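K.L.:
Okay, here's the structure, questions in a sec.
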Amino acid sequence: MRATAADGARLRVTAGSRPASQAFSTEVTEAPAVDSSFLEAWKKAAPNIDPPKTPLAFMKPRPPTPSSIPSKLTLNFVLPYQSEISNKEVDMAIIPATTGQMGVLPGHVATIAELKPGVLSVHEGNEVTKYFVSSGFAFIHANSYADIVAVEAVSLDRIDPSLVQKGLADFTQKLNSAVTDLEKAEAQVGVEVHSALNAALTG
C-alpha cells in the first residue's frame, strides 16, 4: 500500500510542532461547539428533558499561553466542599507530590502531579501560607495557571500537636497488633498521615 502525498503531509510532524488542528487545552479560548446532531437526536428521544452537560459546560476557558513568562502564578486551590483559593496571583507554590516536594513558579512546564500527605506552601512576597493536605492532584498549565485539588486540607495553625502525637502513638500500636491485612493497611495509612502531620509541625 502506498500512502498518498496528503497522507504523508498529515503524518509528518517535526520536533516541537503539532498538527494545526490540535491545540493544547490552555490555548482554547472559546467554548467548544455544541454537537447539533446530538441535540437533535436527544430532542427526538427525550423532548421534555434537558440534554446532559459535560464538565466543559461548567469550566471557563483558560487564557492563551503568553509569549513571555508572567511575573505571577495564578493559583486555584479547591476542596470537595469549598474553594480555598480562587484565581489568586502568587509568587510560588510548593506542593507535596508523591515524587517529592515540587516548587511551582510562573512559566512552569505543564504537569500533572499526584499529592501525598504533606504541606502545601503558598508564597506571596514575604508572606507564606501553609496547608496540610491529605491527598489529591495538582494540574499545572503552560499558561502559568495551577489548579490544586485536595481531598482534605487544613491550615497548619489549626492543628493541635498533642492530638497528632496521640494519633501517631495509637496508630503505631494498632499497626504492631494488627492481624488481618485490612487492619494492617488501615493502621499503616494512619501512621503515614500522622507522621506527615508531625513532620509538618516540627519541620
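Ligands are numbered from 1 in the order shown, residues from 1 within each chain, and chains are lettered A, B, ... in the order they appear in the C-alpha cells.
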Excluding A:Leu79 and its own-chain neighbours fewer than 4 positions away, which residues fall within 10 Å of it when counting only C-alpha atoms? Please give them as a PyMOL selection string.
P.N.:
chain A and resi 83-85+133+136+148-153
K.L.:
At a cut-off of 7 Å, using only C-alpha atoms, what residues contact A:Thr172? Leave out same-chain residues fewer than 4 positions from it and give the result as a list in words.
P.N.:
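That gives Leu168, Asn176 and Val191 of chain A.
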K.L.:
Set the distance at 8 Å and use only C-alpha atoms: which residues neighbour A:Lys116 once local chain neighbours fewer than 3 positions away are removed? I'd like the list as a list in words.
P.N.:
Pro96, Ala97, Thr98, Val133, Ser134, Ser135 and Gly136 of chain A
K.L.:
Neighbouring residues of A:Phe38 were defined as those with any atom within 10 Å, considering only C-alpha atoms; residues of the same chain fewer than 5 positions away were excluded. Please report them as number ranges by chain.
P.N.:
A: 43-44, 51
K.L.:
Contacts of A:Val122 at 9 Å or less, counting only C-alpha atoms, minus same-chain residues fewer than 3 places along, as a list in words?
P.N.:
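Near neighbours after the sequence-gap exclusion: Val90, Asp91, Met92, Ala93, Ile94, Ile95, Glu127, Val128, Thr129, Lys130 and Tyr131 of chain A.
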K.L.:
Would you work out the distance separating atom CA of A:Val119 from atom CA of A:Phe132, expressed in Å to one decimal?
P.N.:
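Distance reported for this atom pair: 4.6 Å.
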K.L.:
Which of these residues is nearest to A:Glu124, using only C-alpha atoms: A:Glu192, A:Glu186, A:Asp170, A:Glu89?
P.N.:
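Selected residue with least distance to A:Glu124: A:Glu89.
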K.L.:
Figure out the distance between atom CA of A:Thr111 and atom CA of A:Thr74, please, to one decimal in Å.
P.N.:
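About the pair atom CA of A:Thr74 and atom CA of A:Thr111: they are 14.9 Å apart.
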